[in-house]
Structures are given as C-alpha cells and as structure tokens.
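A short write-up of the structure that comes next.
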Amino acid sequence: MSTSVITVQIKENSSHNLIIQQPISGLSLRGSIRVPGDKSISHRALMLGAIAQGETQIQGLLLGEDPRSTAQCFQAMGAEISELNTELVHVKGIGLGNLQEPSNVLDAGNSGTTLRLMLGLLASHSERFFCVTGDNSLRSRPMSRVVNPLQQMGAQIWGRKGSSLAPLAVQGQSLKPIHYHSPIASAQVKSCILLAGLTVEGKTTVTEPALSRDHSERMLRAFGANLVSDPETNSVTVTGPAYLVGQKVIVPGDISSAAFWLVAGSIVPDSELVIENVGINPTRTGVLEALTMMGADIQQENQREVAGEPVADLRVRSSRLHSCTIAGAIIPRLIDEIPILAVAAVFAQGTTIIRDAEELRVKESDRIAVMAQQLNQMGAQVRELPDGMEIIGGTPLTGTDVDSHTDHRIAMSLAIAALNASGTTTIHRAEAASVSYPEFNTTLQHICK
Ligand code: S3P
C-alpha cells in the first residue's frame, strides 16, 4: 500500500502547486472514471443556445473556466443562462442577429475558442459596438487568422499590431459572403466564418488544408442551419440567413482530458483504467491512433451515438511503448494532445518525431518550447524543432520543480510525467488545469493505488 502519492499544497502567495511524490513501493493506476464534458462542444452549445430561438438544454456541460467565460460574455449580451452545472443548464436564446450591445468589455479570459468564435457573431451585428479582450496569454495570441477573413466579409475590427491582437474593437456591419481558403487547419477559424455567415444572404464557404474538428458543423445542422460539407476538398458551406431553433445537447466526455489517463495508464506499470463516456468524433481521435502506433493497449467499448456525437468507453492497460512519427494530416486531429503525447514519447523506446505542429507555438503557451524545457528539466531528452519535437525516449526522469506557464494542458501533462519520475515533482501554477479540468487532482488521487 502506498501513502500520500499526491498532495496538493496551496502556498501562502496563493499560487497553487501540485506535489507528486513517488511511493516507496510501486505505484499503479486502477479504476473506472469519467472525464468532464468536451470543452469544444460546451462552448458551442452555450453560443448556439444563446443565438437560437427558444430554449436550449445542455446536459454534461464542462464547468471549467473557459466555458464560464463564454457564458458570461453571452449573458452580457442578453442571453439568459441558468447557473452552470453538469446536470442541466437552460439557455434562453434571443434569436439570430439579436445580441445586445454590452455596456462593458467582453472578457474571454484564457479562451481562444470564446474569443475567435464570438468575433464571427459580433462582426455581423449591425449598429452595435463591442470590445473584446482576454487574459495575458490570450492577448498575445494571433487574431489576424479570424480578423482577416472577417474583414474580407466587410467587418470593421480594430486592435493592436494591425488588428492582430486583443483587445479588439468591433463595429458590427451587415456582411457579404466569401469563399475563404484558410492557410491553417483550424476549427476556430472555420467556426468563426461559419457563424458570421449565418446572418449573411447567400453562400459562405470555408476550405481548409486538412480537416479540423467538426463540432460546429454537427451542432449547427442540429439547430437548423443549412450546411453542406465536401469531404473531398475539406470545405463547408453555410447558406444564410439561417433560422436556428434551441435544442437539447448532451455533451460527451472530452477526449483531450481522457488523453492524460490514456497515457498515464499506458506508462505506469501494472495499471488498468476505464474512462467512460468519451467523445470519439473521428476529427478528434488522432490521439488514439498515435498511441496505438506506439504500442498502447487501448480498447473502445460500448460504442454508441449520443446527440449526434459518437461516444465510447475507453479501456487502457499498461504496455511497453515504442517511438513513432506524428506528422501531416493527423496533426489537427490531435493538436491539443501533443503535450501529453510528448510525455508518452519520453517513456517509449526509440526516437519519436513530431512535425507539422507549428500551431503549438501559439496555443495557451508555446507548447513546443515549454514542454521541451520542462521535460528536459526532469532529465528527458527532448529537442525543439521549429514545428515540433524530437524525443529520445527511455531516459529515466527525476522529480524536480517544473512550471505550467499557466497552460492547463502543460500542468496536467507534467503531472502524468511525474507519476513515472523518481522522487518528488512540484508543479508550479498547477491551478491552470481548471481551465478545462477542475477535478483533475481529485481523479488522479482516486486512481493512484
Ligand atoms: C478548438 C480548436 C483548436 C483547439 C482548441 C479548441 C475549438 O484550436 O486547439 O483547443 O474548440 O474550435 P485551433 O482552431 O486554433 O486549431
């Protein structure tokens, strides 16, 4: 029996550190767990609920800080959203084109999805003025990727550095349709333009270089929008003006959160975990394919469809991982899981190469630089590439002080690395996890045996 495998210490300066201490006897991970609701779907359910006609009911909403930011922004523009909970949230929509001008700045906090998707809606609200901002991280992330196509549609947006950085000011306009060829595979860009296109007369099309997550398309169709996808060209067209009607949305567990346990269950010896009710939308399952390529033992059980999204229970057992190459069209399908895949690679035999992932440099942190620095501090051999990492696996890790750089996925990835590091690891600013996974520490404690 092991004792105090993980303790959470809250320092006097109110910075939250997570301390993971190896037990004397071997650690194993066991149990059946659930992960919180999918972050991408939670944002979209709140947004579409707010702009639809009638009531939307959301079951299984993620109670992380990011969806809270979305809820607050849309409440400030007139949508009635009941207190957020996982059971049932009621959203009383105000109808497409009816968002009210807020009397204060809209704050998207740490959430790129909130800010970028919302911009598409704001830009098309004639005669209304909006200011949008976010936290330190979000104010340094590129917004030109959505501002440029919106400007091509006729939007009026101003901000720092040629309108590429928040805070941004938006003077709503009636927009015109475009066919936008996005240089990046980004669901935030695609969704922003589709949302802007909802009120526009005619066909608005987005073509992307590889398919990004399609939750917006699925949910917009369910709410009544006229959307046509062309898988051959990775294009999607919305014909406006749309009429959206409130729906019941059931949010599956987030595969991006499940990924931490899939890697933990694979690398910690003598482990077996079942993660129930995980969304397995094919635009999100790159992590399952990459881990399988690395020799992970993962089974999908009880596959079903829930409210238009495929769902399964995932069973993972420890296995000996080996290296692989992760590059090309799979990247957008596992982009958020690369930090935790880097941890898997550190414990895999051989040299793993991750390429075509330059987008990681403009996430909540520069995830290439930060993961390389932090894992190397623990003794790993990770080399930064301009668009990825080269990871020589198999070197044992030693616990030390590491830092999340206030990035939720870095905080949790380092916690999983610490499970296989000798001694004690202190993860500074680990509270960042609450952006997408407030119960992370509790679940970790629960499965450590
Ligand atoms: C998201 C899209 C992705 C992803 C982010 C959530 C979404 O971002 O990394 O966590 O919900 O649309 P990009 O669109 O920038 O790739």
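Each chain in the structure tokens gets a letter, A, B, ..., in the order shown, and its residues are numbered from 1; ligands are numbered from 1 in order too.
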
Could you list the protein, DNA and RNA residues that have any atom within 9 Å of ligand 1, counting only C-alpha atoms and all ligand atoms, and write them as a PDB file with N, CA, C and O atoms, in the first residue's frame?
```
ATOM      1  N   LYS A  39     -14.787  20.363 -24.050  1.00  0.00           N
ATOM      2  CA  LYS A  39     -14.671  21.831 -23.998  1.00  0.00           C
ATOM      3  C   LYS A  39     -15.204  22.456 -25.281  1.00  0.00           C
ATOM      4  O   LYS A  39     -15.966  23.423 -25.237  1.00  0.00           O
ATOM      5  N   SER A  40     -14.809  21.921 -26.423  1.00  0.00           N
ATOM      6  CA  SER A  40     -15.247  22.500 -27.702  1.00  0.00           C
ATOM      7  C   SER A  40     -16.771  22.448 -27.826  1.00  0.00           C
ATOM      8  O   SER A  40     -17.408  23.414 -28.256  1.00  0.00           O
ATOM      9  N   ILE A  41     -17.359  21.317 -27.445  1.00  0.00           N
ATOM     10  CA  ILE A  41     -18.812  21.165 -27.580  1.00  0.00           C
ATOM     11  C   ILE A  41     -19.524  22.049 -26.552  1.00  0.00           C
ATOM     12  O   ILE A  41     -20.564  22.648 -26.837  1.00  0.00           O
ATOM     13  N   SER A  42     -18.939  22.178 -25.358  1.00  0.00           N
ATOM     14  CA  SER A  42     -19.558  23.025 -24.323  1.00  0.00           C
ATOM     15  C   SER A  42     -19.655  24.473 -24.796  1.00  0.00           C
ATOM     16  O   SER A  42     -20.700  25.122 -24.649  1.00  0.00           O
ATOM     17  N   HIS A  43     -18.561  25.002 -25.364  1.00  0.00           N
ATOM     18  CA  HIS A  43     -18.600  26.383 -25.874  1.00  0.00           C
ATOM     19  C   HIS A  43     -19.702  26.548 -26.919  1.00  0.00           C
ATOM     20  O   HIS A  43     -20.468  27.512 -26.903  1.00  0.00           O
ATOM     21  N   ARG A  44     -19.733  25.604 -27.851  1.00  0.00           N
ATOM     22  CA  ARG A  44     -20.674  25.732 -28.970  1.00  0.00           C
ATOM     23  C   ARG A  44     -22.112  25.616 -28.495  1.00  0.00           C
ATOM     24  O   ARG A  44     -22.999  26.297 -29.019  1.00  0.00           O
ATOM     25  N   SER A 111      -9.619  31.879 -22.990  1.00  0.00           N
ATOM     26  CA  SER A 111     -10.228  31.007 -24.002  1.00  0.00           C
ATOM     27  C   SER A 111     -10.193  31.545 -25.431  1.00  0.00           C
ATOM     28  O   SER A 111     -10.974  32.430 -25.806  1.00  0.00           O
ATOM     29  N   GLY A 112      -9.327  30.960 -26.247  1.00  0.00           N
ATOM     30  CA  GLY A 112      -9.237  31.306 -27.666  1.00  0.00           C
ATOM     31  C   GLY A 112     -10.532  30.976 -28.399  1.00  0.00           C
ATOM     32  O   GLY A 112     -10.958  31.715 -29.293  1.00  0.00           O
ATOM     33  N   THR A 113     -11.164  29.864 -28.028  1.00  0.00           N
ATOM     34  CA  THR A 113     -12.405  29.479 -28.716  1.00  0.00           C
ATOM     35  C   THR A 113     -13.486  30.520 -28.463  1.00  0.00           C
ATOM     36  O   THR A 113     -14.203  30.921 -29.381  1.00  0.00           O
ATOM     37  N   THR A 114     -13.603  30.987 -27.221  1.00  0.00           N
ATOM     38  CA  THR A 114     -14.614  32.008 -26.918  1.00  0.00           C
ATOM     39  C   THR A 114     -14.377  33.236 -27.787  1.00  0.00           C
ATOM     40  O   THR A 114     -15.289  33.728 -28.460  1.00  0.00           O
ATOM     41  N   ARG A 116     -12.440  33.823 -30.541  1.00  0.00           N
ATOM     42  CA  ARG A 116     -12.435  33.727 -32.011  1.00  0.00           C
ATOM     43  C   ARG A 116     -13.825  33.403 -32.562  1.00  0.00           C
ATOM     44  O   ARG A 116     -14.246  33.981 -33.564  1.00  0.00           O
ATOM     45  N   LEU A 117     -14.555  32.494 -31.925  1.00  0.00           N
ATOM     46  CA  LEU A 117     -15.893  32.175 -32.436  1.00  0.00           C
ATOM     47  C   LEU A 117     -16.832  33.371 -32.244  1.00  0.00           C
ATOM     48  O   LEU A 117     -17.612  33.717 -33.129  1.00  0.00           O
ATOM     49  N   ILE A 184      -4.537  27.645 -42.575  1.00  0.00           N
ATOM     50  CA  ILE A 184      -4.317  26.687 -41.480  1.00  0.00           C
ATOM     51  C   ILE A 184      -5.576  25.843 -41.249  1.00  0.00           C
ATOM     52  O   ILE A 184      -6.686  26.315 -41.477  1.00  0.00           O
ATOM     53  N   ALA A 185      -5.347  24.605 -40.776  1.00  0.00           N
ATOM     54  CA  ALA A 185      -6.488  23.757 -40.412  1.00  0.00           C
ATOM     55  C   ALA A 185      -6.867  24.119 -38.992  1.00  0.00           C
ATOM     56  O   ALA A 185      -6.246  23.665 -38.045  1.00  0.00           O
ATOM     57  N   SER A 186      -7.860  24.983 -38.850  1.00  0.00           N
ATOM     58  CA  SER A 186      -8.250  25.465 -37.526  1.00  0.00           C
ATOM     59  C   SER A 186      -9.762  25.509 -37.404  1.00  0.00           C
ATOM     60  O   SER A 186     -10.441  26.192 -38.175  1.00  0.00           O
ATOM     61  N   ALA A 187     -10.280  24.771 -36.416  1.00  0.00           N
ATOM     62  CA  ALA A 187     -11.732  24.765 -36.203  1.00  0.00           C
ATOM     63  C   ALA A 187     -12.209  26.118 -35.696  1.00  0.00           C
ATOM     64  O   ALA A 187     -13.365  26.491 -35.909  1.00  0.00           O
ATOM     65  N   GLN A 188     -11.319  26.849 -35.044  1.00  0.00           N
ATOM     66  CA  GLN A 188     -11.730  28.176 -34.556  1.00  0.00           C
ATOM     67  C   GLN A 188     -11.933  29.121 -35.729  1.00  0.00           C
ATOM     68  O   GLN A 188     -12.897  29.878 -35.775  1.00  0.00           O
ATOM     69  N   VAL A 189     -11.026  29.072 -36.701  1.00  0.00           N
ATOM     70  CA  VAL A 189     -11.161  29.921 -37.896  1.00  0.00           C
ATOM     71  C   VAL A 189     -12.417  29.512 -38.671  1.00  0.00           C
ATOM     72  O   VAL A 189     -13.266  30.342 -39.013  1.00  0.00           O
ATOM     73  N   LYS A 190     -12.522  28.207 -38.931  1.00  0.00           N
ATOM     74  CA  LYS A 190     -13.671  27.706 -39.704  1.00  0.00           C
ATOM     75  C   LYS A 190     -14.985  28.097 -39.025  1.00  0.00           C
ATOM     76  O   LYS A 190     -15.902  28.618 -39.669  1.00  0.00           O
ATOM     77  N   SER A 191     -15.055  27.896 -37.709  1.00  0.00           N
ATOM     78  CA  SER A 191     -16.313  28.155 -36.990  1.00  0.00           C
ATOM     79  C   SER A 191     -16.631  29.640 -36.965  1.00  0.00           C
ATOM     80  O   SER A 191     -17.794  30.041 -37.075  1.00  0.00           O
ATOM     81  N   CYS A 192     -15.605  30.471 -36.797  1.00  0.00           N
ATOM     82  CA  CYS A 192     -15.804  31.920 -36.780  1.00  0.00           C
ATOM     83  C   CYS A 192     -16.488  32.374 -38.074  1.00  0.00           C
ATOM     84  O   CYS A 192     -17.477  33.114 -38.062  1.00  0.00           O
ATOM     85  N   SER A 212     -10.315  19.921 -39.729  1.00  0.00           N
ATOM     86  CA  SER A 212     -10.236  20.177 -38.285  1.00  0.00           C
ATOM     87  C   SER A 212     -11.543  19.693 -37.642  1.00  0.00           C
ATOM     88  O   SER A 212     -12.476  19.301 -38.342  1.00  0.00           O
ATOM     89  N   ARG A 213     -11.614  19.754 -36.327  1.00  0.00           N
ATOM     90  CA  ARG A 213     -12.794  19.225 -35.623  1.00  0.00           C
ATOM     91  C   ARG A 213     -14.086  19.813 -36.187  1.00  0.00           C
ATOM     92  O   ARG A 213     -14.136  21.000 -36.514  1.00  0.00           O
ATOM     93  N   ASP A 214     -15.116  18.965 -36.288  1.00  0.00           N
ATOM     94  CA  ASP A 214     -16.345  19.385 -36.985  1.00  0.00           C
ATOM     95  C   ASP A 214     -17.542  19.541 -36.037  1.00  0.00           C
ATOM     96  O   ASP A 214     -18.685  19.364 -36.446  1.00  0.00           O
ATOM     97  N   HIS A 215     -17.284  19.874 -34.780  1.00  0.00           N
ATOM     98  CA  HIS A 215     -18.405  20.009 -33.828  1.00  0.00           C
ATOM     99  C   HIS A 215     -19.356  21.135 -34.226  1.00  0.00           C
ATOM    100  O   HIS A 215     -20.554  21.029 -34.023  1.00  0.00           O
ATOM    101  N   SER A 216     -18.809  22.228 -34.775  1.00  0.00           N
ATOM    102  CA  SER A 216     -19.689  23.342 -35.168  1.00  0.00           C
ATOM    103  C   SER A 216     -20.650  22.884 -36.253  1.00  0.00           C
ATOM    104  O   SER A 216     -21.843  23.183 -36.201  1.00  0.00           O
ATOM    105  N   SER A 256      -9.749  15.027 -25.060  1.00  0.00           N
ATOM    106  CA  SER A 256      -8.495  15.729 -24.741  1.00  0.00           C
ATOM    107  C   SER A 256      -8.166  15.584 -23.251  1.00  0.00           C
ATOM    108  O   SER A 256      -6.996  15.592 -22.878  1.00  0.00           O
ATOM    109  N   PRO A 332      -4.024  18.111 -36.978  1.00  0.00           N
ATOM    110  CA  PRO A 332      -5.197  18.818 -36.429  1.00  0.00           C
ATOM    111  C   PRO A 332      -6.118  17.904 -35.623  1.00  0.00           C
ATOM    112  O   PRO A 332      -6.888  18.386 -34.796  1.00  0.00           O
ATOM    113  N   LEU A 334      -5.131  15.781 -33.406  1.00  0.00           N
ATOM    114  CA  LEU A 334      -4.570  15.515 -32.073  1.00  0.00           C
ATOM    115  C   LEU A 334      -3.801  16.714 -31.534  1.00  0.00           C
ATOM    116  O   LEU A 334      -2.994  16.576 -30.610  1.00  0.00           O
ATOM    117  N   ILE A 335      -4.083  17.886 -32.096  1.00  0.00           N
ATOM    118  CA  ILE A 335      -3.246  19.062 -31.785  1.00  0.00           C
ATOM    119  C   ILE A 335      -3.177  19.342 -30.274  1.00  0.00           C
ATOM    120  O   ILE A 335      -2.115  19.641 -29.741  1.00  0.00           O
ATOM    121  N   ASP A 336      -4.305  19.212 -29.572  1.00  0.00           N
ATOM    122  CA  ASP A 336      -4.295  19.528 -28.129  1.00  0.00           C
ATOM    123  C   ASP A 336      -3.648  18.427 -27.295  1.00  0.00           C
ATOM    124  O   ASP A 336      -3.373  18.616 -26.109  1.00  0.00           O
ATOM    125  N   GLU A 337      -3.432  17.258 -27.903  1.00  0.00           N
ATOM    126  CA  GLU A 337      -2.886  16.121 -27.151  1.00  0.00           C
ATOM    127  C   GLU A 337      -1.376  15.991 -27.325  1.00  0.00           C
ATOM    128  O   GLU A 337      -0.763  15.068 -26.778  1.00  0.00           O
ATOM    129  N   GLU A 359       1.565  25.156 -35.024  1.00  0.00           N
ATOM    130  CA  GLU A 359       0.442  25.795 -34.325  1.00  0.00           C
ATOM    131  C   GLU A 359       0.613  25.742 -32.797  1.00  0.00           C
ATOM    132  O   GLU A 359       0.078  26.566 -32.067  1.00  0.00           O
ATOM    133  N   LEU A 360       1.365  24.732 -32.336  1.00  0.00           N
ATOM    134  CA  LEU A 360       1.588  24.599 -30.891  1.00  0.00           C
ATOM    135  C   LEU A 360       2.266  25.816 -30.299  1.00  0.00           C
ATOM    136  O   LEU A 360       2.166  26.075 -29.103  1.00  0.00           O
ATOM    137  N   VAL A 362       1.512  28.829 -30.748  1.00  0.00           N
ATOM    138  CA  VAL A 362       0.589  29.937 -30.462  1.00  0.00           C
ATOM    139  C   VAL A 362      -0.657  29.451 -29.712  1.00  0.00           C
ATOM    140  O   VAL A 362      -1.738  30.002 -29.844  1.00  0.00           O
ATOM    141  N   LYS A 363      -0.484  28.416 -28.921  1.00  0.00           N
ATOM    142  CA  LYS A 363      -1.567  27.953 -28.043  1.00  0.00           C
ATOM    143  C   LYS A 363      -1.498  28.752 -26.739  1.00  0.00           C
ATOM    144  O   LYS A 363      -0.898  29.805 -26.687  1.00  0.00           O
ATOM    145  N   GLU A 364      -2.100  28.229 -25.661  1.00  0.00           N
ATOM    146  CA  GLU A 364      -2.128  28.966 -24.397  1.00  0.00           C
ATOM    147  C   GLU A 364      -0.713  29.316 -23.933  1.00  0.00           C
ATOM    148  O   GLU A 364      -0.501  30.257 -23.170  1.00  0.00           O
TER     149      GLU A 364
END
```

Check: Can you tell me, as a ChimeraX atom specification, what residues are no more than 8 Å from Ile427 (chain A) when counting only C-alpha atoms, ignoring any on the same chain fewer than 5 positions away?
Finding: /A:17-19,401-404,411,414-415

Find the spatial neighbours of Ser271 (chain A), counting only C-alpha atoms, within a cut-off of 10 Å - ignore same-chain residues fewer than 4 positions away - and output them as a JSON list (two decimals) with N, CA and C atoms, in the first residue's frame.
```
[["chain", "number", "residue", "atom", "x", "y", "z"],
["A", 27, "LEU", "N", 3.86, 2.18, -7.78],
["A", 27, "LEU", "CA", 2.57, 2.82, -8.00],
["A", 27, "LEU", "C", 1.85, 2.08, -9.11],
["A", 28, "SER", "N", 0.53, 1.92, -8.99],
["A", 28, "SER", "CA", -0.25, 1.51, -10.16],
["A", 28, "SER", "C", -1.54, 2.32, -10.20],
["A", 29, "LEU", "N", -2.13, 2.40, -11.38],
["A", 29, "LEU", "CA", -3.35, 3.20, -11.55],
["A", 29, "LEU", "C", -4.50, 2.25, -11.86],
["A", 30, "ARG", "N", -5.59, 2.40, -11.13],
["A", 30, "ARG", "CA", -6.72, 1.49, -11.34],
["A", 30, "ARG", "C", -8.03, 2.20, -11.11],
["A", 31, "GLY", "N", -9.05, 1.79, -11.85],
["A", 31, "GLY", "CA", -10.38, 2.31, -11.58],
["A", 31, "GLY", "C", -11.15, 2.67, -12.84],
["A", 264, "ALA", "N", -1.26, 7.95, -18.92],
["A", 264, "ALA", "CA", -0.89, 7.51, -17.57],
["A", 264, "ALA", "C", -1.07, 6.00, -17.45],
["A", 265, "GLY", "N", -2.21, 5.49, -17.92],
["A", 265, "GLY", "CA", -2.50, 4.05, -17.83],
["A", 265, "GLY", "C", -1.52, 3.23, -18.66],
["A", 266, "SER", "N", -1.00, 3.83, -19.73],
["A", 266, "SER", "CA", -0.04, 3.10, -20.57],
["A", 266, "SER", "C", 1.35, 3.05, -19.94],
["A", 267, "ILE", "N", 1.79, 4.16, -19.33],
["A", 267, "ILE", "CA", 3.20, 4.23, -18.90],
["A", 267, "ILE", "C", 3.43, 3.76, -17.46],
["A", 316, "VAL", "N", -7.73, 1.15, -20.95],
["A", 316, "VAL", "CA", -6.30, 1.19, -21.22],
["A", 316, "VAL", "C", -5.57, 0.33, -20.19],
["A", 317, "ARG", "N", -4.60, -0.44, -20.69],
["A", 317, "ARG", "CA", -3.76, -1.23, -19.79],
["A", 317, "ARG", "C", -2.30, -0.87, -20.07],
["A", 318, "SER", "N", -1.45, -1.02, -19.06],
["A", 318, "SER", "CA", -0.03, -0.66, -19.24],
["A", 318, "SER", "C", 0.57, -1.48, -20.39],
["A", 319, "SER", "N", 1.49, -0.85, -21.06],
["A", 319, "SER", "CA", 2.18, -1.57, -22.14],
["A", 319, "SER", "C", 3.56, -0.95, -22.35],
["A", 447, "ILE", "N", -7.29, 7.38, -8.53],
["A", 447, "ILE", "CA", -6.84, 6.18, -9.28],
["A", 447, "ILE", "C", -5.46, 5.68, -8.85],
["A", 448, "CYS", "N", -4.75, 6.48, -8.05],
["A", 448, "CYS", "CA", -3.41, 6.07, -7.60],
["A", 448, "CYS", "C", -3.54, 5.00, -6.54],
["A", 449, "LYS", "N", -2.99, 3.79, -6.80],
["A", 449, "LYS", "CA", -3.10, 2.70, -5.82],
["A", 449, "LYS", "C", -1.73, 2.29, -5.35]]
```

Task: Exercise: Val147 (chain A) partners within 9 Å, only C-alpha atoms, chain neighbours under 5 positions left out, as an NGL selection string - done: :A and (116 or 119-120 or 152 or 155-158 or 163-164)

Show me, as a PDB file with C-alpha atoms, in the first residue's frame, the residues that have an atom within 10 Å of Leu46 (chain A) when counting only C-alpha atoms, minus same-chain residues fewer than 6 positions from it.
```pdb
ATOM      1  CA  THR A  56     -31.590  25.014 -25.315  1.00  0.00           C
ATOM      2  CA  GLN A  57     -30.911  22.436 -22.632  1.00  0.00           C
ATOM      3  CA  ILE A  58     -27.349  21.308 -22.050  1.00  0.00           C
ATOM      4  CA  LEU A  61     -21.501  20.878 -19.698  1.00  0.00           C
ATOM      5  CA  PRO A  67     -16.992  27.755 -20.806  1.00  0.00           C
ATOM      6  CA  ARG A  68     -17.682  30.091 -17.866  1.00  0.00           C
ATOM      7  CA  THR A  70     -18.340  32.051 -22.835  1.00  0.00           C
ATOM      8  CA  ALA A  71     -21.430  32.041 -20.618  1.00  0.00           C
ATOM      9  CA  PHE A  74     -23.291  35.916 -23.850  1.00  0.00           C
ATOM     10  CA  ALA A  79     -28.878  35.610 -23.300  1.00  0.00           C
ATOM     11  CA  ILE A  81     -28.255  31.192 -18.982  1.00  0.00           C
ATOM     12  CA  VAL A  89     -28.232  24.095 -17.990  1.00  0.00           C
ATOM     13  CA  HIS A  90     -31.065  26.104 -19.566  1.00  0.00           C
ATOM     14  CA  VAL A  91     -30.217  28.730 -22.170  1.00  0.00           C
ATOM     15  CA  LYS A  92     -32.973  31.080 -23.293  1.00  0.00           C
ATOM     16  CA  GLY A  93     -31.894  32.156 -26.757  1.00  0.00           C
ATOM     17  CA  VAL A 249     -27.396  18.997 -26.293  1.00  0.00           C
TER      18      VAL A 249
END
```

Which neighbours of Gly240 (chain A) fall inside 6 Å, counting only C-alpha atoms, when residues of the same chain fewer than 6 positions from it are skipped, and could you give them as JSON, numbers by chain? {"A": [198, 199, 200, 201, 202]}

Of A:Arg429, A:Glu289, A:Ala307, A:Gly26, the one nearest to Asp270 (chain A) when counting only C-alpha atoms is A:Gly26

Per-residue DSSP, region 268-421 of chain A, filtered to helix (DSSP H, G or I), as a PyMOL selection string
chain A and resi 286-293+328-333+335-346+358-362+367-377+408-419

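Counting only C-alpha atoms, the residue from A:Ser365, A:Thr400, A:Thr283, A:Gln22 that sits nearest to Asn420 (chain A) is A:Gln22.
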
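Contact shell of Ser422 (chain A) at 12 Å (only C-alpha atoms; same-chain neighbours under 2 positions omitted): Val5, Ile20, Gln21, Gln22, Pro23, Ile24, Ser25, Gly26, Leu27, Met378, Gly379, Thr395, Pro396, Leu397, Thr398, Gly399, Thr400, Ala417, Ala418, Leu419, Asn420, Thr424 and Thr425 of chain A.
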
Pick out each residue of region 165-328 of chain A that DSSP on the backbone tags as strand (DSSP E or B); I need them as a PyMOL selection string. chain A and resi 165-171+179-181+202-207+226-230+235-240+245+248-250+253+272-279+297-306+309-317+322+325-326

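Each of A:Gly350, A:Gly60, A:Pro386, A:Gly393 was checked against Asp366 (chain A) using only C-alpha atoms; the smallest atom-to-atom distance is that of A:Pro386.
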